[in-house]
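The data block below is coords29.cif; it holds mmCIF, C-alpha atoms, pLDDT in the B column; chains and numbers go by the auth columns.
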```
data_run
#
loop_
_atom_site.group_PDB
_atom_site.id
_atom_site.type_symbol
_atom_site.label_atom_id
_atom_site.label_comp_id
_atom_site.label_asym_id
_atom_site.label_seq_id
_atom_site.Cartn_x
_atom_site.Cartn_y
_atom_site.Cartn_z
_atom_site.B_iso_or_equiv
_atom_site.auth_seq_id
_atom_site.auth_asym_id
ATOM 1 C CA PHE A 1 124.041 -14.836 -67.245 46.00 123 A
ATOM 2 C CA GLU A 2 124.881 -13.321 -63.866 43.00 124 A
ATOM 3 C CA MET A 3 122.927 -12.150 -60.839 42.00 125 A
ATOM 4 C CA THR A 4 124.451 -9.366 -58.730 43.00 126 A
ATOM 5 C CA GLN A 5 121.496 -8.441 -56.539 40.00 127 A
ATOM 6 C CA GLU A 6 121.979 -8.404 -52.757 39.00 128 A
ATOM 7 C CA SER A 7 119.447 -8.426 -49.939 34.00 129 A
ATOM 8 C CA LYS A 8 118.896 -9.645 -46.395 35.00 130 A
ATOM 9 C CA ILE A 9 116.469 -11.928 -44.642 36.00 131 A
ATOM 10 C CA ASN A 10 114.210 -9.907 -42.391 39.00 132 A
ATOM 11 C CA LYS A 11 111.385 -12.254 -41.557 45.00 133 A
ATOM 12 C CA LYS A 12 110.894 -15.671 -40.017 50.00 134 A
ATOM 13 C CA ILE A 13 107.928 -17.936 -40.619 51.00 135 A
ATOM 14 C CA SER A 14 107.042 -20.627 -38.076 57.00 136 A
ATOM 15 C CA TRP A 15 106.594 -24.310 -38.866 55.00 137 A
ATOM 16 C CA GLY A 16 102.936 -23.936 -37.896 59.00 138 A
ATOM 17 C CA GLU A 17 102.407 -21.203 -40.486 61.00 139 A
ATOM 18 C CA THR A 18 104.206 -23.291 -43.097 59.00 140 A
ATOM 19 C CA LEU A 19 102.103 -26.399 -42.393 64.00 141 A
ATOM 20 C CA GLY A 20 98.958 -24.288 -42.410 61.00 142 A
ATOM 21 C CA TYR A 21 99.895 -22.941 -45.806 63.00 143 A
ATOM 22 C CA ILE A 22 100.562 -26.444 -47.192 65.00 144 A
ATOM 23 C CA VAL A 23 97.116 -27.605 -46.049 65.00 145 A
ATOM 24 C CA ARG A 24 95.415 -24.652 -47.769 72.00 146 A
ATOM 25 C CA ASP A 25 97.537 -24.497 -50.903 76.00 147 A
ATOM 26 C CA GLN A 26 96.182 -26.558 -53.808 83.00 148 A
ATOM 27 C CA SER A 27 99.465 -26.648 -55.746 85.00 149 A
ATOM 28 C CA SER A 28 101.280 -28.087 -52.702 86.00 150 A
ATOM 29 C CA PHE A 29 98.511 -30.666 -52.278 88.00 151 A
ATOM 30 C CA PHE A 30 98.798 -31.800 -55.911 90.00 152 A
ATOM 31 C CA LEU A 31 102.595 -31.961 -55.657 91.00 153 A
ATOM 32 C CA ILE A 32 102.281 -34.236 -52.623 92.00 154 A
ATOM 33 C CA LEU A 33 99.570 -36.287 -54.355 93.00 155 A
ATOM 34 C CA ALA A 34 101.642 -36.796 -57.526 94.00 156 A
ATOM 35 C CA ASN A 35 104.657 -37.876 -55.465 92.00 157 A
ATOM 36 C CA VAL A 36 102.584 -40.244 -53.322 94.00 158 A
ATOM 37 C CA ILE A 37 100.932 -41.867 -56.374 95.00 159 A
ATOM 38 C CA VAL A 38 104.246 -42.350 -58.181 95.00 160 A
ATOM 39 C CA GLY A 39 105.979 -43.420 -54.967 93.00 161 A
ATOM 40 C CA GLY A 40 103.222 -45.935 -54.254 94.00 162 A
ATOM 41 C CA MET A 41 103.604 -47.483 -57.709 95.00 163 A
ATOM 42 C CA ILE A 42 107.384 -47.649 -57.241 92.00 164 A
ATOM 43 C CA VAL A 43 107.123 -49.473 -53.915 91.00 165 A
ATOM 44 C CA PHE A 44 104.232 -51.855 -54.637 91.00 166 A
ATOM 45 C CA GLN A 45 105.375 -52.760 -58.150 92.00 167 A
ATOM 46 C CA GLN A 46 109.035 -52.890 -57.060 89.00 168 A
ATOM 47 C CA TRP A 47 110.502 -50.820 -59.890 90.00 169 A
ATOM 48 C CA ASN A 48 114.223 -51.156 -60.494 87.00 170 A
ATOM 49 C CA VAL A 49 116.610 -48.343 -59.579 85.00 171 A
ATOM 50 C CA VAL A 50 117.305 -47.239 -63.154 87.00 172 A
ATOM 51 C CA THR A 51 113.596 -46.819 -63.900 91.00 173 A
ATOM 52 C CA ILE A 52 113.185 -44.777 -60.700 89.00 174 A
ATOM 53 C CA LEU A 53 116.063 -42.464 -61.642 89.00 175 A
ATOM 54 C CA CYS A 54 114.583 -42.063 -65.121 92.00 176 A
ATOM 55 C CA VAL A 55 111.203 -41.091 -63.642 94.00 177 A
ATOM 56 C CA TYR A 56 112.702 -38.234 -61.642 92.00 178 A
ATOM 57 C CA TRP A 57 114.913 -37.222 -64.578 93.00 179 A
ATOM 58 C CA ALA A 58 111.657 -36.840 -66.532 95.00 180 A
ATOM 59 C CA GLN A 59 110.146 -34.733 -63.721 94.00 181 A
ATOM 60 C CA SER A 60 113.234 -32.528 -63.824 94.00 182 A
ATOM 61 C CA VAL A 61 112.874 -32.032 -67.595 95.00 183 A
ATOM 62 C CA ILE A 62 109.203 -31.104 -67.082 96.00 184 A
ATOM 63 C CA ILE A 63 110.248 -28.436 -64.552 94.00 185 A
ATOM 64 C CA GLY A 64 112.597 -27.028 -67.196 95.00 186 A
ATOM 65 C CA LEU A 65 109.872 -26.941 -69.860 95.00 187 A
ATOM 66 C CA ILE A 66 107.510 -25.129 -67.480 94.00 188 A
ATOM 67 C CA THR A 67 110.296 -22.613 -66.802 93.00 189 A
ATOM 68 C CA VAL A 68 110.626 -21.901 -70.533 95.00 190 A
ATOM 69 C CA LEU A 69 106.861 -21.362 -70.595 93.00 191 A
ATOM 70 C CA LYS A 70 107.130 -18.959 -67.643 91.00 192 A
ATOM 71 C CA ILE A 71 109.837 -16.889 -69.304 91.00 193 A
ATOM 72 C CA ALA A 72 108.080 -16.825 -72.674 92.00 194 A
ATOM 73 C CA ALA A 73 104.831 -15.659 -71.033 89.00 195 A
ATOM 74 C CA LEU A 74 106.437 -12.742 -69.171 88.00 196 A
ATOM 75 C CA LYS A 75 105.078 -9.318 -70.058 86.00 197 A
ATOM 76 C CA ASP A 76 106.187 -6.860 -67.389 85.00 198 A
ATOM 77 C CA PHE A 77 109.393 -8.109 -65.746 87.00 199 A
ATOM 78 C CA SER A 78 112.548 -6.897 -64.025 87.00 200 A
ATOM 79 C CA THR A 79 116.145 -7.442 -65.145 86.00 201 A
ATOM 80 C CA GLU A 80 117.696 -5.953 -62.019 85.00 202 A
ATOM 81 C CA GLY A 81 121.074 -7.572 -61.344 83.00 203 A
ATOM 82 C CA VAL A 82 120.922 -9.648 -64.547 83.00 204 A
ATOM 83 C CA LYS A 83 123.761 -9.685 -67.060 80.00 205 A
ATOM 84 C CA ILE A 84 124.020 -11.618 -70.313 78.00 206 A
ATOM 85 C CA GLY A 85 127.449 -11.741 -71.925 77.00 207 A
ATOM 86 C CA GLY A 86 128.758 -9.508 -69.154 79.00 208 A
ATOM 87 C CA LYS A 87 126.374 -6.691 -70.051 81.00 209 A
ATOM 88 C CA ASN A 88 123.311 -5.336 -68.251 83.00 210 A
ATOM 89 C CA VAL A 89 120.085 -6.018 -70.123 83.00 211 A
ATOM 90 C CA SER A 90 116.724 -4.276 -70.444 89.00 212 A
ATOM 91 C CA PRO A 91 113.306 -5.948 -70.031 88.00 213 A
ATOM 92 C CA THR A 92 112.668 -6.539 -73.733 88.00 214 A
ATOM 93 C CA THR A 93 111.423 -9.386 -75.917 89.00 215 A
ATOM 94 C CA GLU A 94 115.001 -9.911 -77.105 91.00 216 A
ATOM 95 C CA THR A 95 116.119 -10.359 -73.498 89.00 217 A
ATOM 96 C CA LYS A 96 113.465 -13.043 -73.032 92.00 218 A
ATOM 97 C CA ARG A 97 114.704 -14.859 -76.136 91.00 219 A
ATOM 98 C CA SER A 98 118.318 -14.644 -74.966 90.00 220 A
ATOM 99 C CA MET A 99 117.424 -15.867 -71.473 91.00 221 A
ATOM 100 C CA ILE A 100 115.490 -18.821 -72.881 93.00 222 A
ATOM 101 C CA THR A 101 118.468 -19.722 -75.095 93.00 223 A
ATOM 102 C CA VAL A 102 120.915 -19.563 -72.183 90.00 224 A
ATOM 103 C CA PHE A 103 118.580 -21.539 -69.924 93.00 225 A
ATOM 104 C CA VAL A 104 117.792 -24.272 -72.467 95.00 226 A
ATOM 105 C CA PHE A 105 121.495 -24.673 -73.302 94.00 227 A
ATOM 106 C CA SER A 106 122.728 -24.936 -69.694 93.00 228 A
ATOM 107 C CA TYR A 107 119.749 -26.918 -68.365 94.00 229 A
ATOM 108 C CA GLY A 108 119.841 -29.168 -71.422 95.00 230 A
ATOM 109 C CA ILE A 109 123.542 -29.977 -71.032 94.00 231 A
ATOM 110 C CA PHE A 110 122.997 -30.950 -67.398 92.00 232 A
ATOM 111 C CA HIS A 111 120.148 -33.308 -68.293 94.00 233 A
ATOM 112 C CA ALA A 112 121.959 -34.769 -71.306 94.00 234 A
ATOM 113 C CA VAL A 113 124.920 -35.684 -69.097 92.00 235 A
ATOM 114 C CA TYR A 114 122.585 -36.979 -66.390 90.00 236 A
ATOM 115 C CA VAL A 115 120.614 -39.246 -68.749 90.00 237 A
ATOM 116 C CA VAL A 116 123.861 -40.673 -70.151 89.00 238 A
ATOM 117 C CA PHE A 117 124.870 -41.466 -66.560 85.00 239 A
ATOM 118 C CA ILE A 118 121.516 -43.166 -65.939 85.00 240 A
ATOM 119 C CA LEU A 119 121.694 -45.214 -69.151 84.00 241 A
ATOM 120 C CA ASN A 120 125.258 -46.351 -68.414 82.00 242 A
ATOM 121 C CA PHE A 121 124.208 -47.078 -64.847 72.00 243 A
ATOM 122 C CA GLY A 122 121.459 -49.359 -66.208 64.00 244 A
ATOM 123 C CA GLY A 123 123.241 -51.236 -68.965 66.00 245 A
ATOM 124 C CA GLY A 124 122.294 -48.954 -71.841 66.00 246 A
ATOM 125 C CA GLY A 125 118.659 -48.573 -70.871 69.00 247 A
ATOM 126 C CA SER A 126 117.625 -52.202 -71.318 75.00 248 A
ATOM 127 C CA GLU A 127 116.403 -52.364 -67.702 81.00 249 A
ATOM 128 C CA ILE A 128 114.217 -49.263 -67.959 87.00 250 A
ATOM 129 C CA ASN A 129 110.450 -49.797 -68.022 91.00 251 A
ATOM 130 C CA TRP A 130 109.390 -46.935 -70.296 91.00 252 A
ATOM 131 C CA ASN A 131 105.685 -47.504 -69.608 94.00 253 A
ATOM 132 C CA TYR A 132 106.323 -46.717 -65.936 95.00 254 A
ATOM 133 C CA VAL A 133 108.406 -43.668 -66.874 94.00 255 A
ATOM 134 C CA LEU A 134 105.771 -42.260 -69.242 95.00 256 A
ATOM 135 C CA THR A 135 102.913 -42.903 -66.801 95.00 257 A
ATOM 136 C CA SER A 136 104.778 -41.139 -63.996 96.00 258 A
ATOM 137 C CA ALA A 137 105.747 -38.277 -66.311 96.00 259 A
ATOM 138 C CA GLY A 138 102.051 -37.816 -67.078 96.00 260 A
ATOM 139 C CA TYR A 139 101.272 -37.281 -63.390 95.00 261 A
ATOM 140 C CA PHE A 140 104.108 -34.751 -63.065 95.00 262 A
ATOM 141 C CA VAL A 141 103.071 -32.880 -66.225 95.00 263 A
ATOM 142 C CA VAL A 142 99.582 -32.392 -64.777 94.00 264 A
ATOM 143 C CA ASN A 143 101.027 -31.416 -61.392 93.00 265 A
ATOM 144 C CA HIS A 144 103.559 -28.838 -62.618 93.00 266 A
ATOM 145 C CA LEU A 145 101.242 -27.380 -65.246 92.00 267 A
ATOM 146 C CA PHE A 146 98.526 -26.938 -62.621 91.00 268 A
ATOM 147 C CA SER A 147 101.065 -25.341 -60.264 89.00 269 A
ATOM 148 C CA TYR A 148 102.110 -22.872 -62.972 88.00 270 A
ATOM 149 C CA ILE A 149 98.518 -21.863 -63.733 88.00 271 A
ATOM 150 C CA TYR A 150 97.509 -21.763 -60.057 85.00 272 A
ATOM 151 C CA ASN A 151 100.473 -19.680 -58.879 82.00 273 A
ATOM 152 C CA HIS A 152 100.838 -17.473 -61.958 78.00 274 A
ATOM 153 C CA LYS A 153 98.531 -14.682 -60.765 70.00 275 A
ATOM 154 C CA ARG A 154 99.541 -14.934 -57.091 67.00 276 A
ATOM 155 C CA GLU A 155 103.225 -14.168 -57.561 64.00 277 A
ATOM 156 C CA ASP A 156 105.141 -10.934 -58.157 59.00 278 A
ATOM 157 C CA GLU A 157 103.445 -8.570 -60.571 70.00 279 A
ATOM 158 C CA LYS A 158 106.911 -7.731 -61.902 81.00 280 A
ATOM 159 C CA PRO A 159 109.077 -10.870 -61.458 84.00 281 A
ATOM 160 C CA ASN A 160 112.822 -10.908 -61.997 85.00 282 A
ATOM 161 C CA ILE A 161 113.664 -12.905 -65.114 87.00 283 A
ATOM 162 C CA GLY A 162 117.024 -13.979 -63.668 87.00 284 A
ATOM 163 C CA ASN A 163 115.327 -15.467 -60.613 86.00 285 A
ATOM 164 C CA ILE A 164 112.957 -17.466 -62.804 88.00 286 A
ATOM 165 C CA ALA A 165 115.765 -18.824 -65.005 89.00 287 A
ATOM 166 C CA PHE A 166 118.121 -19.698 -62.159 88.00 288 A
ATOM 167 C CA PHE A 167 115.773 -21.261 -59.632 88.00 289 A
ATOM 168 C CA PRO A 168 115.120 -24.596 -61.441 90.00 290 A
ATOM 169 C CA PHE A 169 118.774 -25.522 -60.851 89.00 291 A
ATOM 170 C CA LEU A 170 118.267 -25.010 -57.107 85.00 292 A
ATOM 171 C CA ARG A 171 114.887 -26.750 -57.289 84.00 293 A
ATOM 172 C CA ILE A 172 116.126 -30.023 -58.793 88.00 294 A
ATOM 173 C CA LEU A 173 119.456 -30.398 -56.984 85.00 295 A
ATOM 174 C CA PRO A 174 118.155 -31.688 -53.605 82.00 296 A
ATOM 175 C CA MET A 175 115.781 -34.237 -55.149 79.00 297 A
ATOM 176 C CA HIS A 176 118.420 -35.627 -57.538 82.00 298 A
ATOM 177 C CA LEU A 177 121.070 -35.905 -54.831 83.00 299 A
ATOM 178 C CA THR A 178 118.550 -37.709 -52.626 81.00 300 A
ATOM 179 C CA MET A 179 117.495 -40.184 -55.318 79.00 301 A
ATOM 180 C CA VAL A 180 120.998 -40.870 -56.708 79.00 302 A
ATOM 181 C CA PHE A 181 122.323 -41.518 -53.203 82.00 303 A
ATOM 182 C CA GLY A 182 119.311 -43.692 -52.401 79.00 304 A
ATOM 183 C CA GLY A 183 119.641 -45.533 -55.724 76.00 305 A
ATOM 184 C CA MET A 184 123.276 -46.376 -55.024 78.00 306 A
ATOM 185 C CA ILE A 185 122.361 -47.781 -51.613 80.00 307 A
ATOM 186 C CA LEU A 186 119.583 -49.906 -53.147 75.00 308 A
ATOM 187 C CA MET A 187 121.965 -51.202 -55.816 73.00 309 A
ATOM 188 C CA PHE A 188 124.294 -52.497 -53.122 77.00 310 A
ATOM 189 C CA THR A 189 121.687 -53.729 -50.634 73.00 311 A
ATOM 190 C CA GLY A 190 119.061 -55.073 -53.045 72.00 312 A
ATOM 191 C CA PHE A 191 115.391 -54.078 -53.024 66.00 313 A
ATOM 192 C CA ASN A 192 114.452 -52.963 -49.531 72.00 314 A
ATOM 193 C CA SER A 193 111.014 -51.386 -49.194 78.00 315 A
ATOM 194 C CA ILE A 194 111.884 -49.595 -45.938 81.00 316 A
ATOM 195 C CA VAL A 195 115.005 -47.957 -47.423 80.00 317 A
ATOM 196 C CA LEU A 196 113.094 -47.100 -50.598 83.00 318 A
ATOM 197 C CA VAL A 197 110.188 -45.498 -48.729 87.00 319 A
ATOM 198 C CA LEU A 198 112.656 -43.488 -46.640 85.00 320 A
ATOM 199 C CA PHE A 199 114.383 -42.022 -49.702 85.00 321 A
ATOM 200 C CA LEU A 200 111.103 -41.397 -51.504 88.00 322 A
ATOM 201 C CA PHE A 201 109.912 -39.507 -48.424 90.00 323 A
ATOM 202 C CA LEU A 202 113.121 -37.450 -48.311 87.00 324 A
ATOM 203 C CA LYS A 203 112.707 -36.699 -52.021 87.00 325 A
ATOM 204 C CA LEU A 204 109.124 -35.544 -51.397 89.00 326 A
ATOM 205 C CA VAL A 205 110.225 -33.282 -48.525 87.00 327 A
ATOM 206 C CA ALA A 206 113.020 -31.749 -50.637 85.00 328 A
ATOM 207 C CA ASP A 207 110.622 -31.275 -53.555 86.00 329 A
ATOM 208 C CA LEU A 208 107.963 -29.661 -51.365 85.00 330 A
ATOM 209 C CA ILE A 209 110.367 -27.295 -49.592 82.00 331 A
ATOM 210 C CA MET A 210 111.835 -26.081 -52.885 82.00 332 A
ATOM 211 C CA HIS A 211 108.325 -25.692 -54.313 84.00 333 A
ATOM 212 C CA LEU A 212 107.333 -23.489 -51.369 80.00 334 A
ATOM 213 C CA ILE A 213 110.504 -21.409 -51.637 78.00 335 A
ATOM 214 C CA GLU A 214 109.989 -21.030 -55.391 77.00 336 A
ATOM 215 C CA HIS A 215 106.539 -19.584 -54.839 72.00 337 A
ATOM 216 C CA LYS A 216 107.824 -17.535 -51.882 64.00 338 A
ATOM 217 C CA GLN A 217 105.437 -19.039 -49.343 49.00 339 A
ATOM 218 C CA VAL A 218 107.930 -20.405 -46.793 49.00 340 A
ATOM 219 C CA PHE A 219 110.448 -17.588 -46.792 47.00 341 A
ATOM 220 C CA PRO A 220 110.068 -13.973 -47.846 43.00 342 A
ATOM 221 C CA LYS A 221 111.277 -12.972 -51.302 46.00 343 A
ATOM 222 C CA GLU A 222 114.419 -11.523 -49.717 45.00 344 A
ATOM 223 C CA PHE A 223 115.589 -15.058 -48.916 42.00 345 A
ATOM 224 C CA PHE A 224 114.874 -16.206 -52.447 43.00 346 A
ATOM 225 C CA ARG A 225 116.890 -13.398 -53.945 47.00 347 A
ATOM 226 C CA SER A 226 119.742 -13.713 -51.456 44.00 348 A
ATOM 227 C CA VAL A 227 120.251 -17.368 -52.406 43.00 349 A
ATOM 228 C CA ILE A 228 120.894 -16.249 -55.958 45.00 350 A
ATOM 229 C CA ALA A 229 122.926 -13.158 -55.067 47.00 351 A
ATOM 230 C CA THR A 230 125.269 -14.584 -52.439 42.00 352 A
ATOM 231 C CA SER A 231 126.792 -17.796 -51.178 36.00 353 A
ATOM 232 C CA SER A 232 124.647 -20.011 -48.981 35.00 354 A
ATOM 233 C CA SER A 233 126.592 -19.102 -45.874 38.00 355 A
ATOM 234 C CA ASP A 234 126.135 -15.398 -46.472 41.00 356 A
ATOM 235 C CA ALA A 235 122.475 -15.821 -47.350 36.00 357 A
ATOM 236 C CA LEU A 236 121.640 -17.680 -44.174 38.00 358 A
ATOM 237 C CA ARG A 237 123.390 -15.388 -41.683 42.00 359 A
#
```

Once you've parsed the file, please lay out its structure as structure tokens.
Amino acid sequence: FEMTQESKINKKISWGETLGYIVRDQSSFFLILANVIVGGMIVFQQWNVVTILCVYWAQSVIIGLITVLKIAALKDFSTEGVKIGGKNVSPTTETKRSMITVFVFSYGIFHAVYVVFILNFGGGGSEINWNYVLTSAGYFVVNHLFSYIYNHKREDEKPNIGNIAFFPFLRILPMHLTMVFGGMILMFTGFNSIVLVLFLFLKLVADLIMHLIEHKQVFPKEFFRSVIATSSSDALR
């Protein structure tokens, strides 16, 4: 699908306002809590790199499943700037089905390739502690499901279906780049709690920032739409 919408940033929000929002926002608090709990287990139990990568792969899959739920639950939505198969679409049930199909296919391919990379990285999966992965996934399921329910009624009354389908790709990219880069460093340097904590912190920051942008609490919706409509350089002028 394609997004052709254009807009401009016309508002700035201070760091103080952002921090104030994080303190008051329950979904941000639970996101931080889930990351701290999982991060604490990783550090104190000294999980191996492959298990850590698998944990955040699982979180990424959960984000995708919640996105499918979001699209399926849409009632009144916009298709402005959205094209499927090169054609403009109307806000119908058929459009929702088509968007879910496109999203699941593209998001699924990315995660299939990524998990193959992780398994090859870890000797076919023999080093992965699946109990750790499933326990961590449980925390993230609760976190992201709560966030969906909590933010559902606070967001746009008529959301753009293209925005919803595209944003998970932007959401997961910073956290995966952070953890893959950190994992490679740990593989070469051996287990180092200081390095690990640093990368887990950077992952948390990336996760939190993208969460706030997704729910349009750090930047106005114009920024959110401009990221999808234009290149990053154009969007941030």

For this session: Can you work out the spacing between CA of Pro296 in chain A and CA of Ala328 in chain A in Å, to one decimal?
Result: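 Interatomic distance, CA of Pro296 in chain A to CA of Ala328 in chain A: 5.9 Å.
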
Exercise. Using the chain letters and numbers from the file, which residues does the PyMOL selection byres ((chain A and resi 283) around 7) grab, as an NGL selection string?
Worked result: :A and (193 or 199-201 or 281-282 or 284-287)

If you take every atom of range 185-201 of chain A that the file lists and fit an axis-aligned box around them with 8 Å extra on each side, what centre and edge lengths come out in Å to one decimal, as lines of an AutoDock Vina configuration file?
```
center_x = 110.5
center_y = -17.6
center_z = -68.3
size_x = 27.3
size_y = 37.6
size_z = 24.6
```

Exercise. From the set A:Leu175, A:Ala156, A:Met163, A:Leu256, which residue has the shortest atom-to-atom contact distance to Gly304 in chain A, counting only C-alpha atoms?
Worked result: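 Using only C-alpha atoms, the shortest distance to Gly304 in chain A belongs to A:Leu175.
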
Exercise. CA of Leu191 in chain A to CA of Phe151 in chain A: how many Å, to one decimal?
Worked result: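 Separating CA of Leu191 in chain A from CA of Phe151 in chain A is a distance of 22.2 Å.
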
If the PyMOL selection byres ((chain A and resi 264) around 12) were run on this exact file, what residues would it hold? Put them as an mmCIF file with C-alpha atoms, keeping the file's coordinate frame.
```
data_model
loop_
_atom_site.group_PDB
_atom_site.id
_atom_site.type_symbol
_atom_site.label_atom_id
_atom_site.label_comp_id
_atom_site.auth_asym_id
_atom_site.auth_seq_id
_atom_site.Cartn_x
_atom_site.Cartn_y
_atom_site.Cartn_z
ATOM 1 C CA SER A 149 99.465 -26.648 -55.746
ATOM 2 C CA PHE A 152 98.798 -31.800 -55.911
ATOM 3 C CA LEU A 153 102.595 -31.961 -55.657
ATOM 4 C CA LEU A 155 99.570 -36.287 -54.355
ATOM 5 C CA ALA A 156 101.642 -36.796 -57.526
ATOM 6 C CA ASN A 157 104.657 -37.876 -55.465
ATOM 7 C CA GLN A 181 110.146 -34.733 -63.721
ATOM 8 C CA ILE A 184 109.203 -31.104 -67.082
ATOM 9 C CA ILE A 185 110.248 -28.436 -64.552
ATOM 10 C CA ILE A 188 107.510 -25.129 -67.480
ATOM 11 C CA THR A 257 102.913 -42.903 -66.801
ATOM 12 C CA SER A 258 104.778 -41.139 -63.996
ATOM 13 C CA ALA A 259 105.747 -38.277 -66.311
ATOM 14 C CA GLY A 260 102.051 -37.816 -67.078
ATOM 15 C CA TYR A 261 101.272 -37.281 -63.390
ATOM 16 C CA PHE A 262 104.108 -34.751 -63.065
ATOM 17 C CA VAL A 263 103.071 -32.880 -66.225
ATOM 18 C CA ASN A 265 101.027 -31.416 -61.392
ATOM 19 C CA HIS A 266 103.559 -28.838 -62.618
ATOM 20 C CA LEU A 267 101.242 -27.380 -65.246
ATOM 21 C CA PHE A 268 98.526 -26.938 -62.621
ATOM 22 C CA SER A 269 101.065 -25.341 -60.264
ATOM 23 C CA TYR A 270 102.110 -22.872 -62.972
ATOM 24 C CA ILE A 271 98.518 -21.863 -63.733
ATOM 25 C CA TYR A 272 97.509 -21.763 -60.057
#
```

Exercise. For Asp147 in chain A, which residue out of A:Met297, A:Val235, A:Ala195, A:Leu334 is the nearest one, using only C-alpha atoms?
Worked result: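 Of the candidates, the smallest distance to Asp147 in chain A is held by A:Leu334.
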
For this session: Could you jot down the CA of Lys192 in chain A to CA of Met221 in chain A separation for me, Å, one decimal place?
Result: 11.4 Å

For this session: Using the chain letters and residue numbers of this document, give as a list in words the residues selected by the PyMOL selection byres ((chain A and resi 251) around 10).
Result: Trp169, Asn170, Val172, Thr173, Ile174, Cys176, Val177, Gly247, Ser248, Glu249, Ile250, Trp252, Asn253, Tyr254, Val255 and Leu256 of chain A

Show me, as a tab-separated table, the residues of range 179-233 of chain A having an atom within 12 Å of range 289-293 of chain A, each with the closest atom pair and its distance in Å, using all atoms listed in the file.
```
residue	atom	partner	partner_atom	distance
A:Gln181	CA	A:Arg293	CA	11.3
A:Ser182	CA	A:Pro290	CA	8.5
A:Val183	CA	A:Pro290	CA	9.9
A:Ile184	CA	A:Pro290	CA	10.4
A:Ile185	CA	A:Pro290	CA	6.9
A:Gly186	CA	A:Pro290	CA	6.7
A:Leu187	CA	A:Pro290	CA	10.2
A:Ile188	CA	A:Pro290	CA	9.7
A:Thr189	CA	A:Pro290	CA	7.5
A:Val190	CA	A:Pro290	CA	10.5
A:Lys192	CA	A:Pro290	CA	11.6
A:Phe225	CA	A:Pro290	CA	9.7
A:Val226	CA	A:Pro290	CA	11.3
A:Ser228	CA	A:Phe291	CA	9.7
A:Tyr229	CA	A:Phe291	CA	7.7
A:Gly230	CA	A:Phe291	CA	11.2
A:Phe232	CA	A:Phe291	CA	9.5
A:His233	CA	A:Phe291	CA	10.9
```

For this session: Pick out the residues sitting within 8 Å of Ser315 in chain A, and hand them over as a ChimeraX atom specification; count all atoms listed in the file, and ignore anything fewer than 3 positions along from it in its own chain.
Result: /A:165,318-319

Export: range 312-324 of chain A, N, CA and C atoms, as a PDB file, in the first residue's frame:
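The new file decode.pdb reads:
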```pdb
ATOM      1  N   GLY A 312      32.280 -10.604  25.326  1.00  0.00           N
ATOM      2  CA  GLY A 312      31.866 -11.447  26.439  1.00  0.00           C
ATOM      3  C   GLY A 312      30.848 -10.703  27.289  1.00  0.00           C
ATOM      4  N   PHE A 313      30.259 -11.410  28.268  1.00  0.00           N
ATOM      5  CA  PHE A 313      29.222 -10.797  29.094  1.00  0.00           C
ATOM      6  C   PHE A 313      29.811  -9.653  29.906  1.00  0.00           C
ATOM      7  N   ASN A 314      29.243  -8.474  29.710  1.00  0.00           N
ATOM      8  CA  ASN A 314      29.674  -7.284  30.427  1.00  0.00           C
ATOM      9  C   ASN A 314      28.423  -6.565  30.893  1.00  0.00           C
ATOM     10  N   SER A 315      28.174  -6.575  32.199  1.00  0.00           N
ATOM     11  CA  SER A 315      26.912  -6.045  32.721  1.00  0.00           C
ATOM     12  C   SER A 315      26.741  -4.562  32.424  1.00  0.00           C
ATOM     13  N   ILE A 316      27.847  -3.802  32.419  1.00  0.00           N
ATOM     14  CA  ILE A 316      27.757  -2.366  32.155  1.00  0.00           C
ATOM     15  C   ILE A 316      27.317  -2.122  30.708  1.00  0.00           C
ATOM     16  N   VAL A 317      27.943  -2.824  29.763  1.00  0.00           N
ATOM     17  CA  VAL A 317      27.582  -2.690  28.348  1.00  0.00           C
ATOM     18  C   VAL A 317      26.138  -3.134  28.141  1.00  0.00           C
ATOM     19  N   LEU A 318      25.758  -4.234  28.782  1.00  0.00           N
ATOM     20  CA  LEU A 318      24.405  -4.763  28.630  1.00  0.00           C
ATOM     21  C   LEU A 318      23.359  -3.784  29.151  1.00  0.00           C
ATOM     22  N   VAL A 319      23.606  -3.237  30.340  1.00  0.00           N
ATOM     23  CA  VAL A 319      22.666  -2.265  30.920  1.00  0.00           C
ATOM     24  C   VAL A 319      22.545  -1.039  30.022  1.00  0.00           C
ATOM     25  N   LEU A 320      23.666  -0.594  29.457  1.00  0.00           N
ATOM     26  CA  LEU A 320      23.644   0.560  28.562  1.00  0.00           C
ATOM     27  C   LEU A 320      22.727   0.310  27.366  1.00  0.00           C
ATOM     28  N   PHE A 321      22.876  -0.852  26.726  1.00  0.00           N
ATOM     29  CA  PHE A 321      22.061  -1.130  25.538  1.00  0.00           C
ATOM     30  C   PHE A 321      20.602  -1.404  25.900  1.00  0.00           C
ATOM     31  N   LEU A 322      20.368  -1.996  27.049  1.00  0.00           N
ATOM     32  CA  LEU A 322      18.983  -2.191  27.487  1.00  0.00           C
ATOM     33  C   LEU A 322      18.322  -0.844  27.768  1.00  0.00           C
ATOM     34  N   PHE A 323      19.086   0.094  28.314  1.00  0.00           N
ATOM     35  CA  PHE A 323      18.566   1.435  28.562  1.00  0.00           C
ATOM     36  C   PHE A 323      18.253   2.145  27.243  1.00  0.00           C
ATOM     37  N   LEU A 324      19.169   2.037  26.275  1.00  0.00           N
ATOM     38  CA  LEU A 324      18.937   2.658  24.970  1.00  0.00           C
ATOM     39  C   LEU A 324      17.718   2.042  24.289  1.00  0.00           C
TER      40      LEU A 324
END
```
